[in-house]
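Coordinates as given in work.cif (mmCIF, C-alpha atoms and all ligand atoms):
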data_run
loop_
_atom_site.group_PDB
_atom_site.id
_atom_site.type_symbol
_atom_site.label_atom_id
_atom_site.label_comp_id
_atom_site.auth_asym_id
_atom_site.auth_seq_id
_atom_site.Cartn_x
_atom_site.Cartn_y
_atom_site.Cartn_z
ATOM 1 C CA MET A 1 0.000 0.000 0.000
ATOM 2 C CA GLY A 2 1.233 3.457 -0.666
ATOM 3 C CA ASN A 3 1.044 6.642 -2.616
ATOM 4 C CA HIS A 4 4.260 7.084 -4.486
ATOM 5 C CA GLY A 5 5.718 9.843 -6.517
ATOM 6 C CA ASP A 6 6.447 13.465 -6.036
ATOM 7 C CA THR A 7 3.933 15.538 -4.196
ATOM 8 C CA VAL A 8 3.314 18.710 -6.150
ATOM 9 C CA ASP A 9 1.898 21.750 -4.437
ATOM 10 C CA GLU A 10 -1.154 22.946 -6.327
ATOM 11 C CA ALA A 11 -0.744 26.625 -5.493
ATOM 12 C CA LEU A 12 2.824 26.421 -6.661
ATOM 13 C CA LEU A 13 1.728 24.893 -9.935
ATOM 14 C CA THR A 14 -0.878 27.600 -10.474
ATOM 15 C CA THR A 15 1.497 30.467 -9.982
ATOM 16 C CA ILE A 16 4.873 29.193 -11.070
ATOM 17 C CA LEU A 17 4.370 26.134 -13.194
ATOM 18 C CA PRO A 18 7.916 26.479 -14.568
ATOM 19 C CA GLY A 19 9.269 25.710 -11.093
ATOM 20 C CA VAL A 20 7.356 22.477 -10.582
ATOM 21 C CA HIS A 21 9.347 19.289 -10.465
ATOM 22 C CA VAL A 22 7.783 16.452 -12.398
ATOM 23 C CA ALA A 23 9.488 13.060 -12.259
ATOM 24 C CA ALA A 24 11.265 11.913 -15.419
ATOM 25 C CA ASN A 25 8.526 9.320 -15.906
ATOM 26 C CA HIS A 26 5.961 12.175 -16.028
ATOM 27 C CA GLN A 27 4.319 10.836 -12.878
ATOM 28 C CA LEU A 28 2.210 13.297 -10.864
ATOM 29 C CA GLY A 29 1.214 10.528 -8.498
ATOM 30 C CA SER A 30 0.320 6.858 -8.310
ATOM 31 C CA ILE A 31 -2.001 5.032 -5.944
ATOM 32 C CA ASP A 32 -1.863 1.244 -5.745
ATOM 33 C CA GLN A 33 -3.110 -0.323 -2.552
ATOM 34 C CA GLY A 34 -2.676 -3.869 -3.861
ATOM 35 C CA ARG A 35 -6.404 -4.468 -4.356
ATOM 36 C CA PRO A 36 -7.797 -6.052 -7.518
ATOM 37 C CA GLY A 37 -9.393 -3.610 -9.930
ATOM 38 C CA PRO A 38 -8.914 -1.505 -13.031
ATOM 39 C CA THR A 39 -5.845 0.423 -14.063
ATOM 40 C CA VAL A 40 -6.903 4.017 -14.654
ATOM 41 C CA VAL A 41 -4.367 6.288 -16.318
ATOM 42 C CA VAL A 42 -5.341 9.956 -16.205
ATOM 43 C CA SER A 43 -3.166 12.415 -18.107
ATOM 44 C CA GLY A 44 -3.255 16.200 -18.367
ATOM 45 C CA GLY A 45 -1.198 18.821 -20.143
ATOM 46 C CA MET A 46 -0.549 16.839 -23.321
ATOM 47 C CA HIS A 47 -0.766 20.344 -24.756
ATOM 48 C CA GLY A 48 1.483 22.659 -22.772
ATOM 49 C CA ASN A 49 -0.939 25.596 -22.825
ATOM 50 C CA GLU A 50 -3.559 23.435 -21.064
ATOM 51 C CA PRO A 51 -2.487 23.277 -17.394
ATOM 52 C CA ALA A 52 -6.051 22.745 -16.067
ATOM 53 C CA GLY A 53 -5.852 18.975 -16.510
ATOM 54 C CA VAL A 54 -2.656 18.801 -14.453
ATOM 55 C CA LEU A 55 -4.320 20.785 -11.666
ATOM 56 C CA ALA A 56 -7.382 18.521 -11.758
ATOM 57 C CA ILE A 57 -5.223 15.406 -11.385
ATOM 58 C CA LEU A 58 -3.281 16.931 -8.492
ATOM 59 C CA ARG A 59 -6.513 17.821 -6.679
ATOM 60 C CA ILE A 60 -7.756 14.237 -6.953
ATOM 61 C CA LEU A 61 -4.466 12.691 -5.876
ATOM 62 C CA ASN A 62 -4.236 15.093 -2.940
ATOM 63 C CA THR A 63 -7.821 14.375 -1.851
ATOM 64 C CA LEU A 64 -7.353 10.606 -2.057
ATOM 65 C CA ALA A 65 -4.069 10.846 -0.150
ATOM 66 C CA THR A 66 -5.601 13.073 2.530
ATOM 67 C CA THR A 67 -8.718 10.961 3.065
ATOM 68 C CA ASN A 68 -6.852 7.669 2.633
ATOM 69 C CA ALA A 69 -9.872 6.381 0.707
ATOM 70 C CA PRO A 70 -9.778 2.780 -0.529
ATOM 71 C CA VAL A 71 -8.764 2.569 -4.177
ATOM 72 C CA ALA A 72 -9.223 -0.625 -6.212
ATOM 73 C CA GLY A 73 -6.605 -1.403 -8.841
ATOM 74 C CA HIS A 74 -4.094 1.255 -9.862
ATOM 75 C CA LEU A 75 -4.581 4.965 -10.393
ATOM 76 C CA LEU A 76 -1.777 6.690 -12.276
ATOM 77 C CA GLY A 77 -1.719 10.471 -12.812
ATOM 78 C CA LEU A 78 0.565 11.630 -15.608
ATOM 79 C CA CYS A 79 1.775 15.029 -16.757
ATOM 80 C CA GLY A 80 1.899 15.311 -20.561
ATOM 81 C CA ASN A 81 4.188 17.790 -22.292
ATOM 82 C CA VAL A 82 6.394 18.873 -19.391
ATOM 83 C CA GLY A 83 8.680 21.058 -21.502
ATOM 84 C CA ALA A 84 5.812 22.901 -23.195
ATOM 85 C CA LEU A 85 3.921 23.285 -19.873
ATOM 86 C CA ARG A 86 6.958 25.047 -18.429
ATOM 87 C CA LEU A 87 6.917 27.439 -21.402
ATOM 88 C CA GLY A 88 3.120 27.756 -21.464
ATOM 89 C CA VAL A 89 2.974 26.843 -25.158
ATOM 90 C CA ARG A 90 0.940 24.157 -26.933
ATOM 91 C CA TYR A 91 4.129 22.376 -28.027
ATOM 92 C CA THR A 92 7.809 23.035 -28.768
ATOM 93 C CA ASP A 93 8.497 21.202 -32.068
ATOM 94 C CA ARG A 94 5.306 19.279 -32.892
ATOM 95 C CA ASP A 95 1.923 18.366 -31.416
ATOM 96 C CA LEU A 96 2.492 15.691 -28.734
ATOM 97 C CA ASN A 97 -1.025 14.328 -29.224
ATOM 98 C CA ARG A 98 -0.694 13.428 -32.930
ATOM 99 C CA HIS A 99 1.893 10.626 -33.320
ATOM 100 C CA TRP A 100 0.218 7.818 -31.364
ATOM 101 C CA ASP A 101 -0.686 5.553 -34.316
ATOM 102 C CA ALA A 102 0.995 2.119 -34.305
ATOM 103 C CA ALA A 103 3.437 2.942 -37.125
ATOM 104 C CA SER A 104 4.646 6.218 -35.570
ATOM 105 C CA VAL A 105 4.991 4.597 -32.134
ATOM 106 C CA ALA A 106 6.984 1.675 -33.576
ATOM 107 C CA GLN A 107 9.259 4.082 -35.424
ATOM 108 C CA LEU A 108 9.754 6.218 -32.334
ATOM 109 C CA ARG A 109 10.656 3.172 -30.239
ATOM 110 C CA ALA A 110 13.174 2.085 -32.898
ATOM 111 C CA THR A 111 14.799 5.448 -33.639
ATOM 112 C CA HIS A 112 14.127 7.405 -30.393
ATOM 113 C CA GLY A 113 13.231 10.346 -32.651
ATOM 114 C CA HIS A 114 14.894 13.746 -32.406
ATOM 115 C CA THR A 115 12.380 16.485 -31.492
ATOM 116 C CA ALA A 116 11.526 17.734 -28.002
ATOM 117 C CA GLU A 117 8.152 16.023 -28.283
ATOM 118 C CA ASP A 118 9.747 12.735 -29.394
ATOM 119 C CA VAL A 119 11.564 12.689 -26.056
ATOM 120 C CA GLU A 120 8.365 13.538 -24.167
ATOM 121 C CA GLN A 121 6.392 10.870 -26.030
ATOM 122 C CA LEU A 122 8.996 8.162 -25.386
ATOM 123 C CA GLU A 123 8.957 8.927 -21.656
ATOM 124 C CA ILE A 124 5.155 8.826 -21.591
ATOM 125 C CA LEU A 125 5.183 5.602 -23.633
ATOM 126 C CA HIS A 126 7.382 3.995 -20.988
ATOM 127 C CA ALA A 127 4.935 5.119 -18.293
ATOM 128 C CA PHE A 128 2.030 3.672 -20.313
ATOM 129 C CA ASP A 129 3.987 0.439 -20.904
ATOM 130 C CA ASP A 130 4.694 0.049 -17.207
ATOM 131 C CA ALA A 131 1.063 0.651 -16.210
ATOM 132 C CA VAL A 132 -0.219 -1.776 -18.853
ATOM 133 C CA ALA A 133 2.335 -4.454 -17.954
ATOM 134 C CA HIS A 134 1.318 -4.398 -14.279
ATOM 135 C CA ALA A 135 -2.450 -4.149 -14.840
ATOM 136 C CA ARG A 136 -4.578 -6.615 -12.863
ATOM 137 C CA GLY A 137 -7.866 -5.673 -14.539
ATOM 138 C CA PRO A 138 -9.296 -3.595 -17.369
ATOM 139 C CA ILE A 139 -7.278 -0.572 -18.524
ATOM 140 C CA VAL A 140 -8.880 2.830 -19.000
ATOM 141 C CA HIS A 141 -7.167 6.002 -20.181
ATOM 142 C CA LEU A 142 -8.635 9.468 -19.635
ATOM 143 C CA ASP A 143 -6.892 12.424 -21.283
ATOM 144 C CA LEU A 144 -7.760 15.898 -19.958
ATOM 145 C CA HIS A 145 -7.757 18.866 -22.338
ATOM 146 C CA SER A 146 -9.015 22.438 -22.582
ATOM 147 C CA MET A 147 -9.960 24.702 -25.496
ATOM 148 C CA SER A 148 -9.027 28.095 -26.909
ATOM 149 C CA ALA A 149 -12.713 28.943 -27.475
ATOM 150 C CA ASP A 150 -15.370 29.324 -24.813
ATOM 151 C CA GLY A 151 -18.305 26.953 -24.979
ATOM 152 C CA VAL A 152 -19.785 23.621 -24.011
ATOM 153 C CA PRO A 153 -17.372 21.016 -22.614
ATOM 154 C CA PHE A 154 -17.611 17.489 -23.977
ATOM 155 C CA ILE A 155 -16.292 13.931 -23.903
ATOM 156 C CA VAL A 156 -14.479 12.424 -26.904
ATOM 157 C CA VAL A 157 -15.800 8.873 -27.099
ATOM 158 C CA CYS A 158 -13.845 5.953 -28.606
ATOM 159 C CA GLU A 159 -15.273 2.987 -30.523
ATOM 160 C CA HIS A 160 -15.022 0.568 -27.587
ATOM 161 C CA PRO A 161 -18.598 -0.571 -26.787
ATOM 162 C CA GLN A 162 -18.227 0.410 -23.109
ATOM 163 C CA SER A 163 -17.051 3.879 -24.049
ATOM 164 C CA VAL A 164 -20.446 5.360 -24.918
ATOM 165 C CA GLN A 165 -21.975 4.075 -21.677
ATOM 166 C CA LEU A 166 -19.069 5.509 -19.720
ATOM 167 C CA ALA A 167 -19.468 8.880 -21.425
ATOM 168 C CA HIS A 168 -23.111 8.842 -20.355
ATOM 169 C CA ASP A 169 -22.009 8.333 -16.728
ATOM 170 C CA LEU A 170 -19.765 11.392 -17.026
ATOM 171 C CA CYS A 171 -22.707 13.802 -17.448
ATOM 172 C CA LEU A 172 -21.332 15.701 -20.482
ATOM 173 C CA PRO A 173 -22.203 15.468 -24.209
ATOM 174 C CA GLY A 174 -20.386 12.568 -25.882
ATOM 175 C CA ILE A 175 -18.831 13.247 -29.289
ATOM 176 C CA VAL A 176 -18.524 10.240 -31.592
ATOM 177 C CA GLY A 177 -16.038 10.194 -34.457
ATOM 178 C CA LEU A 178 -13.705 12.983 -33.311
ATOM 179 C CA GLU A 179 -11.044 10.332 -32.710
ATOM 180 C CA LYS A 180 -11.340 9.511 -36.441
ATOM 181 C CA ALA A 181 -11.310 13.175 -37.477
ATOM 182 C CA ILE A 182 -8.212 13.775 -35.338
ATOM 183 C CA PRO A 183 -6.227 10.569 -35.907
ATOM 184 C CA ALA A 184 -3.178 9.337 -33.998
ATOM 185 C CA THR A 185 -4.079 10.765 -30.598
ATOM 186 C CA THR A 186 -3.602 8.772 -27.379
ATOM 187 C CA ILE A 187 -7.160 7.495 -27.888
ATOM 188 C CA GLU A 188 -5.969 5.633 -30.990
ATOM 189 C CA TYR A 189 -2.994 4.240 -29.058
ATOM 190 C CA PHE A 190 -5.084 2.724 -26.260
ATOM 191 C CA THR A 191 -7.985 1.545 -28.416
ATOM 192 C CA THR A 192 -5.558 -0.197 -30.806
ATOM 193 C CA LEU A 193 -4.383 -2.196 -27.780
ATOM 194 C CA GLY A 194 -8.025 -3.053 -26.992
ATOM 195 C CA HIS A 195 -8.386 -0.695 -24.023
ATOM 196 C CA ILE A 196 -10.934 2.015 -23.310
ATOM 197 C CA ALA A 197 -9.838 5.587 -23.950
ATOM 198 C CA LEU A 198 -11.702 8.847 -23.464
ATOM 199 C CA ALA A 199 -10.697 12.470 -23.744
ATOM 200 C CA VAL A 200 -12.381 15.501 -22.210
ATOM 201 C CA GLU A 201 -12.423 19.052 -23.521
ATOM 202 C CA GLY A 202 -13.191 20.756 -20.232
ATOM 203 C CA GLY A 203 -13.683 24.398 -21.256
ATOM 204 C CA GLN A 204 -11.514 27.420 -21.960
ATOM 205 C CA HIS A 205 -7.822 27.065 -21.112
ATOM 206 C CA HIS A 206 -7.614 29.304 -18.053
ATOM 207 C CA ALA A 207 -11.205 29.367 -16.746
ATOM 208 C CA GLU A 208 -11.533 28.181 -13.142
ATOM 209 C CA SER A 209 -14.626 26.162 -14.121
ATOM 210 C CA THR A 210 -12.425 24.175 -16.508
ATOM 211 C CA VAL A 211 -10.389 22.682 -13.656
ATOM 212 C CA ASP A 212 -13.622 21.821 -11.827
ATOM 213 C CA THR A 213 -15.096 20.223 -14.965
ATOM 214 C CA LEU A 214 -11.996 18.118 -15.606
ATOM 215 C CA GLU A 215 -11.696 17.119 -11.950
ATOM 216 C CA SER A 216 -15.388 16.185 -11.797
ATOM 217 C CA VAL A 217 -15.229 14.079 -14.955
ATOM 218 C CA ALA A 218 -12.193 12.210 -13.625
ATOM 219 C CA TRP A 219 -13.888 11.562 -10.251
ATOM 220 C CA LEU A 220 -17.010 10.228 -11.996
ATOM 221 C CA LEU A 221 -14.891 8.013 -14.257
ATOM 222 C CA LEU A 222 -13.009 6.547 -11.282
ATOM 223 C CA ALA A 223 -16.330 5.622 -9.654
ATOM 224 C CA ALA A 224 -17.933 4.437 -12.907
ATOM 225 C CA VAL A 225 -15.140 1.902 -13.531
ATOM 226 C CA GLY A 226 -15.085 0.774 -9.900
ATOM 227 C CA ALA A 227 -11.718 2.219 -8.875
ATOM 228 C CA ILE A 228 -13.455 4.025 -6.017
ATOM 229 C CA SER A 229 -16.936 3.882 -4.518
ATOM 230 C CA TRP A 230 -19.464 6.555 -5.492
ATOM 231 C CA ALA A 231 -19.447 7.623 -1.832
ATOM 232 C CA THR A 232 -15.765 8.499 -2.175
ATOM 233 C CA VAL A 233 -16.516 11.196 -4.787
ATOM 234 C CA PRO A 234 -16.544 14.525 -2.934
ATOM 235 C CA ASP A 235 -19.719 16.524 -3.632
ATOM 236 C CA LEU A 236 -21.014 13.884 -6.066
ATOM 237 C CA GLN A 237 -24.420 15.463 -6.666
ATOM 238 C CA GLY A 238 -22.988 18.956 -7.024
ATOM 239 C CA ARG A 239 -20.470 17.730 -9.565
ATOM 240 C CA ARG A 240 -23.139 15.961 -11.621
ATOM 241 C CA ASP A 241 -25.379 19.042 -11.521
ATOM 242 C CA ARG A 242 -22.589 21.380 -12.610
ATOM 243 C CA LEU A 243 -21.522 19.089 -15.468
ATOM 244 C CA ARG A 244 -25.076 18.719 -16.784
ATOM 245 C CA GLN A 245 -25.539 22.473 -16.567
ATOM 246 C CA ARG A 246 -22.300 23.153 -18.462
ATOM 247 C CA GLY A 247 -23.139 20.429 -21.015
ATOM 248 C CA LEU A 248 -26.460 22.191 -21.786
ATOM 249 C CA ASN A 249 -28.067 18.775 -22.342
ATOM 250 C CA VAL A 250 -26.589 18.688 -25.850
ATOM 251 C CA PRO A 251 -27.322 15.224 -27.299
ATOM 252 C CA PRO A 252 -24.538 12.869 -28.437
ATOM 253 C CA VAL A 253 -22.982 14.384 -31.576
ATOM 254 C CA LYS A 254 -21.243 12.628 -34.463
ATOM 255 C CA VAL A 255 -18.433 14.495 -36.243
ATOM 256 C CA THR A 256 -19.153 14.809 -39.975
ATOM 257 C CA TYR A 257 -16.650 17.446 -41.183
ATOM 258 C CA ARG A 258 -13.098 18.629 -40.389
ATOM 259 C CA HIS A 259 -11.667 21.884 -41.743
ATOM 260 C CA GLY A 260 -7.922 21.246 -41.848
ATOM 261 C CA ILE A 261 -5.604 24.235 -42.141
ATOM 262 C CA ALA A 262 -1.956 24.964 -42.899
ATOM 263 C CA PRO A 263 0.084 27.986 -41.696
ATOM 264 C CA GLN A 264 0.190 29.492 -45.229
ATOM 265 C CA ASP A 265 -3.651 29.656 -45.242
ATOM 266 C CA HIS A 266 -3.568 32.439 -42.619
ATOM 267 C CA PHE A 267 -6.817 31.011 -41.263
ATOM 268 C CA ARG A 268 -8.795 33.433 -39.087
ATOM 269 C CA MET A 269 -11.917 32.260 -37.269
ATOM 270 C CA LYS A 270 -14.706 34.865 -37.125
ATOM 271 C CA PRO A 271 -14.949 36.136 -33.559
ATOM 272 C CA GLY A 272 -17.608 34.922 -31.152
ATOM 273 C CA TYR A 273 -18.113 31.259 -31.987
ATOM 274 C CA ARG A 274 -18.595 28.987 -28.996
ATOM 275 C CA ASN A 275 -17.923 25.285 -28.899
ATOM 276 C CA LEU A 276 -21.074 23.259 -29.769
ATOM 277 C CA GLN A 277 -22.872 26.343 -31.073
ATOM 278 C CA ALA A 278 -25.395 25.620 -33.856
ATOM 279 C CA VAL A 279 -24.293 26.740 -37.366
ATOM 280 C CA HIS A 280 -26.050 26.700 -40.735
ATOM 281 C CA ALA A 281 -24.877 25.540 -44.158
ATOM 282 C CA GLY A 282 -23.289 28.449 -46.054
ATOM 283 C CA GLU A 283 -22.620 30.521 -42.924
ATOM 284 C CA VAL A 284 -19.251 32.320 -43.074
ATOM 285 C CA LEU A 285 -17.301 30.903 -40.124
ATOM 286 C CA ALA A 286 -13.796 32.144 -40.918
ATOM 287 C CA GLU A 287 -11.559 33.711 -43.526
ATOM 288 C CA ASP A 288 -8.289 32.668 -45.060
ATOM 289 C CA ASP A 289 -6.111 33.872 -47.937
ATOM 290 C CA ARG A 290 -8.585 32.401 -50.449
ATOM 291 C CA GLY A 291 -11.555 34.292 -48.998
ATOM 292 C CA PRO A 292 -14.479 33.397 -46.763
ATOM 293 C CA VAL A 293 -14.668 29.895 -45.239
ATOM 294 C CA ARG A 294 -18.276 28.709 -45.122
ATOM 295 C CA ALA A 295 -19.960 25.904 -43.183
ATOM 296 C CA PRO A 296 -20.421 23.067 -45.722
ATOM 297 C CA GLU A 297 -23.403 21.743 -43.788
ATOM 298 C CA SER A 298 -25.643 22.618 -40.858
ATOM 299 C CA GLY A 299 -24.871 21.216 -37.410
ATOM 300 C CA TRP A 300 -22.871 22.066 -34.300
ATOM 301 C CA ILE A 301 -19.444 23.663 -34.590
ATOM 302 C CA LEU A 302 -16.713 21.942 -32.581
ATOM 303 C CA LEU A 303 -13.351 23.336 -31.447
ATOM 304 C CA PRO A 304 -13.296 26.633 -33.410
ATOM 305 C CA LEU A 305 -9.635 27.682 -33.437
ATOM 306 C CA TYR A 306 -8.824 30.902 -31.571
ATOM 307 C CA GLN A 307 -5.115 30.345 -31.038
ATOM 308 C CA PRO A 308 -2.305 30.882 -33.541
ATOM 309 C CA VAL A 309 -1.092 27.276 -33.548
ATOM 310 C CA GLY A 310 -3.073 24.291 -34.794
ATOM 311 C CA THR A 311 -3.983 22.223 -37.826
ATOM 312 C CA ASP A 312 -7.740 21.966 -37.239
ATOM 313 C CA GLY A 313 -9.704 25.130 -38.040
ATOM 314 C CA PHE A 314 -12.996 23.703 -36.800
ATOM 315 C CA PHE A 315 -15.178 20.613 -36.951
ATOM 316 C CA ILE A 316 -18.898 20.226 -37.614
ATOM 317 C CA GLY A 317 -21.063 17.515 -36.101
ATOM 318 C CA SER A 318 -24.662 16.410 -36.301
ATOM 319 C CA ALA A 319 -26.894 14.527 -33.864
ATOM 320 C CA ALA A 320 -25.431 11.035 -33.461
ATOM 321 C CA LEU A 321 -28.808 9.328 -33.170
ATOM 322 C CA GLY A 322 -31.917 9.666 -35.290
HETATM 323 ZN ZN ZN B 401 -5.554 19.796 -25.924
#
Starting from the file, lay out its structure as structure tokens.
Amino acid sequence: MGNHGDTVDEALLTTILPGVHVAANHQLGSIDQGRPGPTVVVSGGMHGNEPAGVLAILRILNTLATTNAPVAGHLLGLCGNVGALRLGVRYTDRDLNRHWDAASVAQLRATHGHTAEDVEQLEILHAFDDAVAHARGPIVHLDLHSMSADGVPFIVVCEHPQSVQLAHDLCLPGIVGLEKAIPATTIEYFTTLGHIALAVEGGQHHAESTVDTLESVAWLLLAAVGAISWATVPDLQGRRDRLRQRGLNVPPVKVTYRHGIAPQDHFRMKPGYRNLQAVHAGEVLAEDDRGPVRAPESGWILLPLYQPVGTDGFFIGSAALG
């Protein structure tokens, strides 16, 4: 029994993230009390300008350590792009959440790569490997993210049959097909191995509610997979109420369109779009060097890009059912 790893002071992380020590294996904390149960890997900060997920993980680890609550299986909290988090940028050389397909992973393992993110990914891979190798039950990965635009938070659902049910338990809209529209994320890595993987877009990067949303989703997931009892979740009803309120009861949405961009496009999103806002076919959503960029179909806009770096201008989804 024991809680290993470095204890990171949350206030310190909030104010001077560059000074935080994260272990070389990216571990924020690990709880394994020797009981049977699932292995739950929760990661945050895969994008270095998204510290909210790291804070959410630290809050949960601190609460579980303080209350000494029983935990079944193994809970592992990981910090994603440590170098980029220190700089407060999305990434240094390339997006850390885009090279997780089997071919890229195999190549990285063979060559060790050369970019800053290759090093980060190899270290995280070793942490994943270790958690998977020692698993005594099902393996679930939850990746915590935040967005440049304001708007409705949501869960990115994978194809695993249990994934949709789990997303339902997490009290936010579930988005189907985003893992196909954005290939080679950690979701693809875990689902290729046959495990369950979910990602959360918890809200705008630096909003306080984003940390609460991400923390709440992770608590609910831990209970939903049986790592902790529902009674262990602090303020369970309040968390569910807040998530449902922030999710605006948007139904499950299936992604039907991705607007990919390149730097030479000089893509500029029109101001004011919120995540999961309804849009109509033909509506001018953005401009680039070729002129106006229109919605090719009606639906809900997802992840409109309001930061200078990125390869996805926006996505459009429609109701997943019916
Ligand atoms: Zn992200």
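Where the distance criterion is 10 Å and the atoms used are all atoms listed in the file, the residues close to ligand ZN 401 (chain B) are Gly44, Gly45, Met46, His47, Gly48, Asn49, Glu50, Pro51, Gly53, Arg90, Asp95, Leu96, Asn97, Asp143, Leu144, His145, Ser146, Met147, Ser148, Ala199, Val200, Glu201, Gly202 and His205 of chain A.
Counting all atoms listed in the file and comparing A:Pro292, A:Pro251, A:Pro173, A:Gly77, the residue that lies closest to Ala319 of chain A is A:Pro251.
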*Would you mind reading off the distance between atom CA of Pro263 of chain A and atom CA of Val309 of chain A, one decimal, in Å?*
8.3 Å
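The neighbours of segment 269-283 of chain A here are the residues that come within 7 Å of it, using only C-alpha atoms and leaving out any residue fewer than 4 positions away in the same chain; they are Ala149, Asp150, Gly151, Val152, Glu287, Arg294, Ala295, Pro296, Glu297, Ser298, Gly299, Trp300, Ile301, Leu302, Leu303, Pro304, Leu305 and Tyr306 of chain A.
The residues caught by the PyMOL selection byres (((chain A and resi 125) around 10) and not hetatm) in this file are A:Asn25, A:Trp100, A:Val105, A:Leu108, A:Arg109, A:Val119, A:Glu120, A:Gln121, A:Leu122, A:Glu123, A:Ile124, A:His126, A:Ala127, A:Phe128, A:Asp129, A:Asp130, A:Ala131, A:Tyr189.
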*Test item: residues at most 9 Å from Asn249 of chain A, only C-alpha atoms, excluding those fewer than 5 positions along its chain, as a PyMOL selection string*: chain A and resi 171-173+244
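For Arg239 of chain A, the set of protein, DNA and RNA residues having any atom at most 10 Å away, when counting all atoms listed in the file and skipping those fewer than 4 positions along the same chain, is A:Leu170, A:Cys171, A:Asp212, A:Thr213, A:Glu215, A:Ser216, A:Val217, A:Trp219, A:Leu220, A:Val233, A:Pro234, A:Asp235, A:Leu243, A:Arg244, A:Gln245.
Proximity ranking of A:Arg35, A:His74, A:His99, A:Lys254 relative to Pro138 of chain A places A:His74 first, based on all atoms listed in the file.
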What are the nearest atom pairs, with distances in Å to one decimal, for all residues of segment 216-299 of chain A that come at most 12 Å from segment 156-160 of chain A, using only C-alpha atoms, set out by chain and rising residue number as a tab-separated table?
residue	atom	partner	partner_atom	distance
A:Pro252	CA	A:Val157	CA	9.7
A:Val253	CA	A:Val156	CA	9.9
A:Lys254	CA	A:Val157	CA	9.9
A:Val255	CA	A:Val156	CA	10.4
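Between atom CA of Gly73 of chain A and atom CA of Leu178 of chain A there is a distance of 29.3 Å.
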_Let me make sure I understand: among A:Pro153, A:Gly226, A:Gly260, A:Gly310, which one has the smallest atom-to-atom distance to Thr210 of chain A if we use all atoms listed in the file?_
A:Pro153
*What does the PyMOL selection byres (((chain A and resi 261) around 6) and not hetatm) select in this file, as a VMD selection string?*
chain A and resid 260 262 311 to 313
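With atom CA of Gly247 of chain A on one side and atom CA of Leu285 of chain A on the other, the separation reads 22.6 Å.
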Adding 8 Å on each side of the box along x, y and z that holds all listed atoms of segment 197-209 of chain A, could you give its centre and edge lengths in Å to one decimal, as JSON?
{"center_x": -11.1, "center_y": 17.5, "center_z": -18.5, "size_x": 23.0, "size_y": 39.8, "size_z": 26.8}
_Could you list, as a list in words, every residue within 10 Å of Leu193 of chain A, counting only C-alpha atoms and ignoring same-chain residues fewer than 3 positions away?_
Ala102, Val132, Ile139, Glu188, Tyr189, Phe190 and Ile196 of chain A
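Between Ile187 of chain A and the residues A:Ala52, A:Leu248, A:Val211, A:Val41, the shortest atom-to-atom distance, using only C-alpha atoms, involves A:Val41.
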*Within 8 Å of (-6.4, -7.6, -5.8), all atoms listed in the file: residues as an MDAnalysis selection string?*
chainID A and resid 34:37 72:73 136
Quick one: write out the picked residues with C-alpha atoms as a PDB file, in the frame of the given file?
ATOM      1  CA  GLY A  34      -2.676  -3.869  -3.861  1.00  0.00           C
ATOM      2  CA  ARG A  35      -6.404  -4.468  -4.356  1.00  0.00           C
ATOM      3  CA  PRO A  36      -7.797  -6.052  -7.518  1.00  0.00           C
ATOM      4  CA  GLY A  37      -9.393  -3.610  -9.930  1.00  0.00           C
ATOM      5  CA  ALA A  72      -9.223  -0.625  -6.212  1.00  0.00           C
ATOM      6  CA  GLY A  73      -6.605  -1.403  -8.841  1.00  0.00           C
ATOM      7  CA  ARG A 136      -4.578  -6.615 -12.863  1.00  0.00           C
TER       8      ARG A 136
END
